>>> print(open('coords-v1.pdb').read())   # PDB, C-alpha atoms
MODEL        1
ATOM      1  CA  MET A   3     143.338  -3.892  41.806
ATOM      2  CA  ASN A   4     140.869  -3.354  44.652
ATOM      3  CA  LEU A   5     137.691  -1.291  44.501
ATOM      4  CA  TYR A   6     139.320   1.819  45.976
ATOM      5  CA  GLN A   7     142.200   1.753  43.512
ATOM      6  CA  SER A   8     139.879   1.229  40.546
ATOM      7  CA  LEU A   9     137.714   4.268  41.391
ATOM      8  CA  GLY A  10     140.561   6.793  41.339
ATOM      9  CA  TYR A  11     139.684  10.336  42.418
ATOM     10  CA  LEU A  12     136.073   9.406  43.194
ATOM     11  CA  VAL A  13     137.245   7.861  46.478
ATOM     12  CA  LEU A  14     140.314  10.003  47.189
ATOM     13  CA  GLY A  15     138.913  11.272  50.498
ATOM     14  CA  SER A  16     137.923   7.787  51.619
ATOM     15  CA  ARG A  17     141.346   6.383  50.784
ATOM     16  CA  LEU A  18     143.154   9.218  52.560
ATOM     17  CA  ARG A  19     140.894   8.880  55.624
ATOM     18  CA  ARG A  20     141.390   5.098  55.706
ATOM     19  CA  MET A  21     145.166   5.455  55.381
ATOM     20  CA  SER A  22     145.207   8.184  58.047
ATOM     21  CA  GLU A  23     143.162   6.099  60.482
ATOM     22  CA  THR A  24     145.446   3.099  59.966
ATOM     23  CA  PHE A  25     148.581   5.226  60.370
ATOM     24  CA  LEU A  26     147.316   6.982  63.506
ATOM     25  CA  ALA A  27     146.243   3.680  65.067
ATOM     26  CA  GLU A  28     149.775   2.354  64.524
ATOM     27  CA  ILE A  29     151.280   5.517  66.030
ATOM     28  CA  ASN A  30     148.994   5.267  69.068
ATOM     29  CA  ARG A  31     150.002   1.619  69.460
ATOM     30  CA  ILE A  32     153.675   2.683  69.554
ATOM     31  CA  TYR A  33     152.954   5.047  72.466
ATOM     32  CA  GLN A  34     150.931   2.321  74.230
ATOM     33  CA  ASN A  35     153.713  -0.210  73.743
ATOM     34  CA  GLU A  36     156.127   2.245  75.371
ATOM     35  CA  GLY A  37     153.711   2.867  78.248
ATOM     36  CA  ILE A  38     153.363   6.562  77.435
ATOM     37  CA  GLU A  39     150.125   8.482  77.972
ATOM     38  CA  PHE A  40     150.010  10.190  74.591
ATOM     39  CA  GLU A  41     147.650  10.288  71.627
ATOM     40  CA  ALA A  42     148.702  10.989  68.057
ATOM     41  CA  SER A  43     146.025  13.702  67.797
ATOM     42  CA  TRP A  44     147.993  15.737  70.368
ATOM     43  CA  PHE A  45     151.108  15.820  68.182
ATOM     44  CA  PRO A  46     150.653  19.264  66.555
ATOM     45  CA  VAL A  47     150.163  20.990  69.916
ATOM     46  CA  PHE A  48     153.046  19.106  71.526
ATOM     47  CA  TYR A  49     155.322  19.845  68.602
ATOM     48  CA  LEU A  50     154.514  23.562  68.546
ATOM     49  CA  LEU A  51     154.883  23.874  72.318
ATOM     50  CA  SER A  52     158.183  21.986  72.147
ATOM     51  CA  LYS A  53     159.444  24.803  69.905
ATOM     52  CA  ASN A  54     157.797  27.676  71.835
ATOM     53  CA  GLU A  55     157.581  28.251  75.567
ATOM     54  CA  SER A  56     153.943  29.281  75.206
ATOM     55  CA  LEU A  57     151.450  30.037  72.447
ATOM     56  CA  SER A  58     147.973  31.481  72.407
ATOM     57  CA  ILE A  59     145.071  29.283  71.410
ATOM     58  CA  LYS A  60     144.661  31.493  68.341
ATOM     59  CA  GLU A  61     148.309  30.910  67.354
ATOM     60  CA  LEU A  62     147.878  27.153  67.848
ATOM     61  CA  SER A  63     144.698  27.248  65.772
ATOM     62  CA  GLU A  64     146.359  29.174  62.932
ATOM     63  CA  GLN A  65     149.543  27.112  62.852
ATOM     64  CA  THR A  66     147.721  23.767  62.944
ATOM     65  CA  GLU A  67     145.105  25.018  60.452
ATOM     66  CA  VAL A  68     142.156  23.944  62.593
ATOM     67  CA  SER A  69     139.257  26.051  63.784
ATOM     68  CA  HIS A  70     139.621  28.037  66.997
ATOM     69  CA  PRO A  71     136.851  25.961  68.677
ATOM     70  CA  ALA A  72     138.652  22.705  67.720
ATOM     71  CA  ALA A  73     141.968  23.997  69.095
ATOM     72  CA  SER A  74     140.231  25.230  72.237
ATOM     73  CA  GLN A  75     138.569  21.849  72.733
ATOM     74  CA  LEU A  76     141.902  20.036  72.418
ATOM     75  CA  ILE A  77     143.542  22.431  74.885
ATOM     76  CA  THR A  78     140.678  21.884  77.339
ATOM     77  CA  ASN A  79     141.160  18.127  77.000
ATOM     78  CA  LEU A  80     144.910  18.468  77.659
ATOM     79  CA  LYS A  81     144.234  20.797  80.611
ATOM     80  CA  ASN A  82     141.863  18.218  82.116
ATOM     81  CA  LYS A  83     144.698  15.676  81.917
ATOM     82  CA  ASN A  84     147.067  18.187  83.591
ATOM     83  CA  ILE A  85     149.337  18.176  80.513
ATOM     84  CA  VAL A  86     149.033  21.871  79.655
ATOM     85  CA  GLU A  87     147.954  24.925  81.560
ATOM     86  CA  THR A  88     146.801  28.319  80.434
ATOM     87  CA  SER A  89     147.542  31.768  81.754
ATOM     88  CA  VAL A  90     146.249  35.184  80.845
ATOM     89  CA  CYS A  91     148.578  37.134  78.564
ATOM     90  CA  THR A  92     150.043  40.137  80.410
ATOM     91  CA  ASP A  93     149.895  42.284  77.246
ATOM     92  CA  ASP A  94     146.326  41.373  76.300
ATOM     93  CA  GLY A  95     143.992  40.044  78.974
ATOM     94  CA  ARG A  96     141.722  38.476  76.325
ATOM     95  CA  ARG A  97     144.441  36.081  75.153
ATOM     96  CA  GLN A  98     145.129  32.812  76.914
ATOM     97  CA  LEU A  99     148.644  31.437  76.646
ATOM     98  CA  VAL A 100     149.137  27.681  76.637
ATOM     99  CA  GLN A 101     152.245  26.052  78.091
ATOM    100  CA  PHE A 102     153.261  22.618  79.345
ATOM    101  CA  THR A 103     152.765  21.599  82.946
ATOM    102  CA  PRO A 104     155.590  19.605  84.563
ATOM    103  CA  LYS A 105     153.648  16.451  83.577
ATOM    104  CA  GLY A 106     153.455  17.683  79.964
ATOM    105  CA  LYS A 107     157.202  18.381  79.915
ATOM    106  CA  ALA A 108     157.880  14.879  81.255
ATOM    107  CA  ILE A 109     155.701  13.367  78.509
ATOM    108  CA  LEU A 110     157.514  15.492  75.920
ATOM    109  CA  ASP A 111     160.877  14.147  77.143
ATOM    110  CA  GLN A 112     159.541  10.602  76.699
ATOM    111  CA  ILE A 113     158.158  11.116  73.209
ATOM    112  CA  LEU A 114     160.981  13.063  71.559
ATOM    113  CA  PRO A 115     163.019   9.879  70.891
ATOM    114  CA  ILE A 116     159.859   8.176  69.622
ATOM    115  CA  TRP A 117     159.266  10.983  67.121
ATOM    116  CA  GLU A 118     162.802  10.525  65.812
ATOM    117  CA  ALA A 119     162.303   6.750  65.550
ATOM    118  CA  ILE A 120     158.967   7.208  63.766
ATOM    119  CA  ASN A 121     160.489   9.666  61.308
ATOM    120  CA  THR A 122     163.485   7.487  60.440
ATOM    121  CA  SER A 123     161.321   4.353  60.258
ATOM    122  CA  MET A 124     158.891   6.048  57.871
ATOM    123  CA  MET A 125     161.771   7.265  55.688
ATOM    124  CA  ASP A 126     163.160   3.709  55.611
ATOM    125  CA  LEU A 127     159.756   2.291  54.670
ATOM    126  CA  ALA A 128     159.204   4.908  51.966
ATOM    127  CA  GLU A 129     162.646   4.291  50.494
ATOM    128  CA  SER A 130     161.762   0.625  50.028
ATOM    129  CA  ASP A 131     159.449   1.642  47.159
ATOM    130  CA  ALA A 132     160.354   4.379  44.674
ATOM    131  CA  ALA A 133     156.709   5.456  44.292
ATOM    132  CA  ALA A 134     156.326   5.793  48.075
ATOM    133  CA  THR A 135     159.117   8.381  48.172
ATOM    134  CA  GLN A 136     156.812  10.649  46.158
ATOM    135  CA  LEU A 137     153.957  10.520  48.674
ATOM    136  CA  LEU A 138     154.798  13.654  50.677
ATOM    137  CA  PRO A 139     155.587  15.786  47.612
ATOM    138  CA  ALA A 140     152.371  14.547  45.961
ATOM    139  CA  ILE A 141     150.291  15.413  49.034
ATOM    140  CA  ALA A 142     151.866  18.893  49.154
ATOM    141  CA  ALA A 143     151.141  19.376  45.454
ATOM    142  CA  MET A 144     147.496  18.326  45.886
ATOM    143  CA  GLU A 145     147.118  20.651  48.893
ATOM    144  CA  ASN A 146     148.421  23.505  46.726
ATOM    145  CA  VAL A 147     145.998  22.594  43.932
ATOM    146  CA  PHE A 148     143.069  22.648  46.377
ATOM    147  CA  ARG A 149     144.199  26.023  47.755
ATOM    148  CA  SER A 150     144.278  27.562  44.284
ATOM    149  CA  ALA A 151     141.216  25.911  42.745
ATOM    150  CA  ASN A 152     137.676  25.436  43.947
ATOM    151  CA  LEU A 153     136.692  21.841  43.170
ATOM    152  CA  ALA A 154     132.966  22.493  43.561
ATOM    153  CA  ASP A 155     133.123  25.356  41.048
ATOM    154  CA  THR A 156     135.243  23.313  38.645
ATOM    155  CA  VAL A 157     132.772  20.423  38.728
ATOM    156  CA  GLY A 158     129.831  22.831  38.442
ATOM    157  CA  LYS A 159     131.298  24.337  35.264
ATOM    158  CA  LYS A 160     131.726  20.878  33.757
ATOM    159  CA  LEU A 161     128.147  19.978  34.606
ATOM    160  CA  ASN A 162     126.849  23.158  32.976
ATOM    161  CA  LEU A 163     128.651  22.491  29.676
ATOM    162  CA  LYS A 164     126.146  21.323  27.145
ATOM    163  CA  PRO A 165     127.261  19.233  24.203
ATOM    164  CA  ALA A 166     126.977  20.898  20.815
ATOM    165  CA  THR A 167     124.008  19.727  18.787
ATOM    166  CA  ASP A 168     123.954  19.219  15.025
ATOM    167  CA  GLU A 169     120.999  21.423  14.096
TER     168      GLU A 169
ENDMDL
END
>>> encode(input="coords-v1.pdb", output="structure tokens")
Amino acid sequence: MNLYQSLGYLVLGSRLRRMSETFLAEINRIYQNEGIEFEASWFPVFYLLSKNESLSIKELSEQTEVSHPAASQLITNLKNKNIVETSVCTDDGRRQLVQFTPKGKAILDQILPIWEAINTSMMDLAESDAAATQLLPAIAAMENVFRSANLADTVGKKLNLKPATDE
């Protein structure tokens, strides 16, 4: 058992970050190997725009569960690469709608088969180990636990418990 495994929940964030970084590096390598200008960090925006003709930055922010400034920064990055464009909403001039440019649509056409291959490959890999098939349900369960409980408060309560004394 390595150090990370032996420390359990004390290093949960570090283990998840390390696994995420490794996974995303592999995904980015797949796009590179296929000669496609795409980064894994763009996936949520590409996926949502593949299902919607256009979305506001606020809608993208809410659906991806990132801050508005983070979503705006990503959109600006994609605009600078001529992958998406924005237009002012006709109903509300304060809202900017994001949609693919022709270049963005061409990239989407290239990556759709890759997404399918990634998904089926990951399912195949997970099915090779019974415990691995529980990863996504376990992550969802932990996300639900964190939504319903405040870890800092829970730890604070435990720290404030004083052991009974025999006086």
>>> residues_around(input="coords-v1.pdb", residues="range 80-89 of chain A", least_positions_apart="5", cutoff="9 Å", atoms="only C-alpha atoms", output="PDB file with C-alpha atoms, in the coordinates of the input")
ATOM      1  CA  TRP A  44     147.993  15.737  70.368  1.00  0.00           C
ATOM      2  CA  SER A  56     153.943  29.281  75.206  1.00  0.00           C
ATOM      3  CA  SER A  58     147.973  31.481  72.407  1.00  0.00           C
ATOM      4  CA  GLN A  75     138.569  21.849  72.733  1.00  0.00           C
ATOM      5  CA  ARG A  97     144.441  36.081  75.153  1.00  0.00           C
ATOM      6  CA  GLN A  98     145.129  32.812  76.914  1.00  0.00           C
ATOM      7  CA  LEU A  99     148.644  31.437  76.646  1.00  0.00           C
ATOM      8  CA  VAL A 100     149.137  27.681  76.637  1.00  0.00           C
ATOM      9  CA  GLN A 101     152.245  26.052  78.091  1.00  0.00           C
ATOM     10  CA  PHE A 102     153.261  22.618  79.345  1.00  0.00           C
ATOM     11  CA  THR A 103     152.765  21.599  82.946  1.00  0.00           C
ATOM     12  CA  PRO A 104     155.590  19.605  84.563  1.00  0.00           C
ATOM     13  CA  LYS A 105     153.648  16.451  83.577  1.00  0.00           C
ATOM     14  CA  GLY A 106     153.455  17.683  79.964  1.00  0.00           C
ATOM     15  CA  LYS A 107     157.202  18.381  79.915  1.00  0.00           C
ATOM     16  CA  ILE A 109     155.701  13.367  78.509  1.00  0.00           C
TER      17      ILE A 109
END
>>> atom_distance(input="coords-v1.pdb", atom1="CA of Thr135 in chain A", atom2="CA of Leu51 in chain A")
29.0 Å
>>> closest_residue(input="coords-v1.pdb", among="A:Glu36, A:Leu153, A:Leu62, A:Tyr6", to="Leu18 in chain A", atoms="all atoms listed in the file")
A:Tyr6
>>> axis_aligned_box(input="coords-v1.pdb", around="range 134-151 of chain A", padding_each_side="4 Å", output="AutoDock Vina command-line options")
--center_x 150.2 --center_y 16.7 --center_z 46.7 --size_x 25.9 --size_y 29.8 --size_z 15.9
>>> resolve_selection(input="coords-v1.pdb", expression="the PyMOL selection byres ((chain A and resi 111-117) around 12)", output="ChimeraX atom specification")
/A:29-42,44-46,48-49,52-53,102,104-110,118-124
>>> write_last_selection(input="coords-v1.pdb", atoms="C-alpha atoms", output="short mmCIF file (atom, residue, chain, number, x, y, z; two decimals), keeping the file's coordinate frame")
data_model
loop_
_atom_site.label_atom_id
_atom_site.label_comp_id
_atom_site.auth_asym_id
_atom_site.auth_seq_id
_atom_site.Cartn_x
_atom_site.Cartn_y
_atom_site.Cartn_z
CA ILE A 29 151.28 5.52 66.03
CA ASN A 30 148.99 5.27 69.07
CA ARG A 31 150.00 1.62 69.46
CA ILE A 32 153.68 2.68 69.55
CA TYR A 33 152.95 5.05 72.47
CA GLN A 34 150.93 2.32 74.23
CA ASN A 35 153.71 -0.21 73.74
CA GLU A 36 156.13 2.24 75.37
CA GLY A 37 153.71 2.87 78.25
CA ILE A 38 153.36 6.56 77.44
CA GLU A 39 150.12 8.48 77.97
CA PHE A 40 150.01 10.19 74.59
CA GLU A 41 147.65 10.29 71.63
CA ALA A 42 148.70 10.99 68.06
CA TRP A 44 147.99 15.74 70.37
CA PHE A 45 151.11 15.82 68.18
CA PRO A 46 150.65 19.26 66.56
CA PHE A 48 153.05 19.11 71.53
CA TYR A 49 155.32 19.84 68.60
CA SER A 52 158.18 21.99 72.15
CA LYS A 53 159.44 24.80 69.90
CA PHE A 102 153.26 22.62 79.34
CA PRO A 104 155.59 19.60 84.56
CA LYS A 105 153.65 16.45 83.58
CA GLY A 106 153.46 17.68 79.96
CA LYS A 107 157.20 18.38 79.92
CA ALA A 108 157.88 14.88 81.26
CA ILE A 109 155.70 13.37 78.51
CA LEU A 110 157.51 15.49 75.92
CA GLU A 118 162.80 10.52 65.81
CA ALA A 119 162.30 6.75 65.55
CA ILE A 120 158.97 7.21 63.77
CA ASN A 121 160.49 9.67 61.31
CA THR A 122 163.49 7.49 60.44
CA SER A 123 161.32 4.35 60.26
CA MET A 124 158.89 6.05 57.87
#
>>> resolve_selection(input="coords-v1.pdb", expression="the PyMOL selection byres ((chain A and resi 72) around 12)", output="PyMOL selection string")
chain A and resi 43-44+47+59-60+62-64+66-71+73-79
>>> atom_distance(input="coords-v1.pdb", atom1="CA of Gly10 in chain A", atom2="CA of Phe25 in chain A")
20.7 Å
>>> atom_distance(input="coords-v1.pdb", atom1="CA of Glu129 in chain A", atom2="CA of Arg19 in chain A")
22.8 Å
>>> build_atoms(input="coords-v1.pdb", residues="range 16-36 of chain A", atoms="N, CA, C and O atoms", output="mmCIF file, in the frame of the given file")
data_model
loop_
_atom_site.group_PDB
_atom_site.id
_atom_site.type_symbol
_atom_site.label_atom_id
_atom_site.label_comp_id
_atom_site.auth_asym_id
_atom_site.auth_seq_id
_atom_site.Cartn_x
_atom_site.Cartn_y
_atom_site.Cartn_z
ATOM 1 N N SER A 16 138.077 9.041 50.863
ATOM 2 C CA SER A 16 137.923 7.787 51.619
ATOM 3 C C SER A 16 139.257 7.073 51.772
ATOM 4 O O SER A 16 139.569 6.553 52.847
ATOM 5 N N ARG A 17 140.040 7.046 50.709
ATOM 6 C CA ARG A 17 141.346 6.383 50.784
ATOM 7 C C ARG A 17 142.275 7.111 51.739
ATOM 8 O O ARG A 17 142.981 6.480 52.539
ATOM 9 N N LEU A 18 142.288 8.448 51.663
ATOM 10 C CA LEU A 18 143.154 9.218 52.560
ATOM 11 C C LEU A 18 142.710 9.039 54.011
ATOM 12 O O LEU A 18 143.546 8.892 54.906
ATOM 13 N N ARG A 19 141.398 9.064 54.269
ATOM 14 C CA ARG A 19 140.894 8.880 55.624
ATOM 15 C C ARG A 19 141.263 7.492 56.136
ATOM 16 O O ARG A 19 141.716 7.340 57.271
ATOM 17 N N ARG A 20 141.076 6.477 55.309
ATOM 18 C CA ARG A 20 141.390 5.098 55.706
ATOM 19 C C ARG A 20 142.873 4.950 56.011
ATOM 20 O O ARG A 20 143.259 4.348 57.018
ATOM 21 N N MET A 21 143.726 5.522 55.162
ATOM 22 C CA MET A 21 145.166 5.455 55.381
ATOM 23 C C MET A 21 145.545 6.216 56.649
ATOM 24 O O MET A 21 146.359 5.749 57.446
ATOM 25 N N SER A 22 144.933 7.383 56.861
ATOM 26 C CA SER A 22 145.207 8.184 58.047
ATOM 27 C C SER A 22 144.807 7.435 59.314
ATOM 28 O O SER A 22 145.562 7.403 60.295
ATOM 29 N N GLU A 23 143.626 6.837 59.311
ATOM 30 C CA GLU A 23 143.162 6.099 60.482
ATOM 31 C C GLU A 23 144.084 4.929 60.794
ATOM 32 O O GLU A 23 144.413 4.685 61.956
ATOM 33 N N THR A 24 144.525 4.215 59.770
ATOM 34 C CA THR A 24 145.446 3.099 59.966
ATOM 35 C C THR A 24 146.777 3.590 60.516
ATOM 36 O O THR A 24 147.314 3.031 61.479
ATOM 37 N N PHE A 25 147.298 4.660 59.928
ATOM 38 C CA PHE A 25 148.581 5.226 60.370
ATOM 39 C C PHE A 25 148.492 5.699 61.818
ATOM 40 O O PHE A 25 149.345 5.385 62.645
ATOM 41 N N LEU A 26 147.447 6.459 62.148
ATOM 42 C CA LEU A 26 147.316 6.982 63.506
ATOM 43 C C LEU A 26 147.112 5.872 64.530
ATOM 44 O O LEU A 26 147.614 5.967 65.654
ATOM 45 N N ALA A 27 146.402 4.823 64.158
ATOM 46 C CA ALA A 27 146.243 3.680 65.067
ATOM 47 C C ALA A 27 147.598 3.036 65.353
ATOM 48 O O ALA A 27 147.890 2.661 66.499
ATOM 49 N N GLU A 28 148.432 2.908 64.329
ATOM 50 C CA GLU A 28 149.775 2.354 64.524
ATOM 51 C C GLU A 28 150.620 3.262 65.425
ATOM 52 O O GLU A 28 151.331 2.788 66.307
ATOM 53 N N ILE A 29 150.524 4.567 65.208
ATOM 54 C CA ILE A 29 151.280 5.517 66.030
ATOM 55 C C ILE A 29 150.817 5.429 67.480
ATOM 56 O O ILE A 29 151.647 5.370 68.406
ATOM 57 N N ASN A 30 149.508 5.386 67.703
ATOM 58 C CA ASN A 30 148.994 5.267 69.068
ATOM 59 C C ASN A 30 149.444 3.967 69.721
ATOM 60 O O ASN A 30 149.732 3.931 70.919
ATOM 61 N N ARG A 31 149.533 2.899 68.926
ATOM 62 C CA ARG A 31 150.002 1.619 69.460
ATOM 63 C C ARG A 31 151.460 1.711 69.899
ATOM 64 O O ARG A 31 151.858 1.112 70.889
ATOM 65 N N ILE A 32 152.272 2.491 69.170
ATOM 66 C CA ILE A 32 153.675 2.683 69.554
ATOM 67 C C ILE A 32 153.740 3.322 70.940
ATOM 68 O O ILE A 32 154.486 2.861 71.812
ATOM 69 N N TYR A 33 152.955 4.392 71.154
ATOM 70 C CA TYR A 33 152.954 5.047 72.466
ATOM 71 C C TYR A 33 152.476 4.087 73.552
ATOM 72 O O TYR A 33 153.045 4.036 74.642
ATOM 73 N N GLN A 34 151.433 3.305 73.260
ATOM 74 C CA GLN A 34 150.931 2.321 74.230
ATOM 75 C C GLN A 34 152.004 1.300 74.562
ATOM 76 O O GLN A 34 152.198 0.966 75.726
ATOM 77 N N ASN A 35 152.670 0.789 73.524
ATOM 78 C CA ASN A 35 153.713 -0.210 73.743
ATOM 79 C C ASN A 35 154.841 0.316 74.630
ATOM 80 O O ASN A 35 155.483 -0.446 75.347
ATOM 81 N N GLU A 36 155.074 1.625 74.556
ATOM 82 C CA GLU A 36 156.127 2.245 75.371
ATOM 83 C C GLU A 36 155.598 2.703 76.732
ATOM 84 O O GLU A 36 156.347 3.254 77.532
#
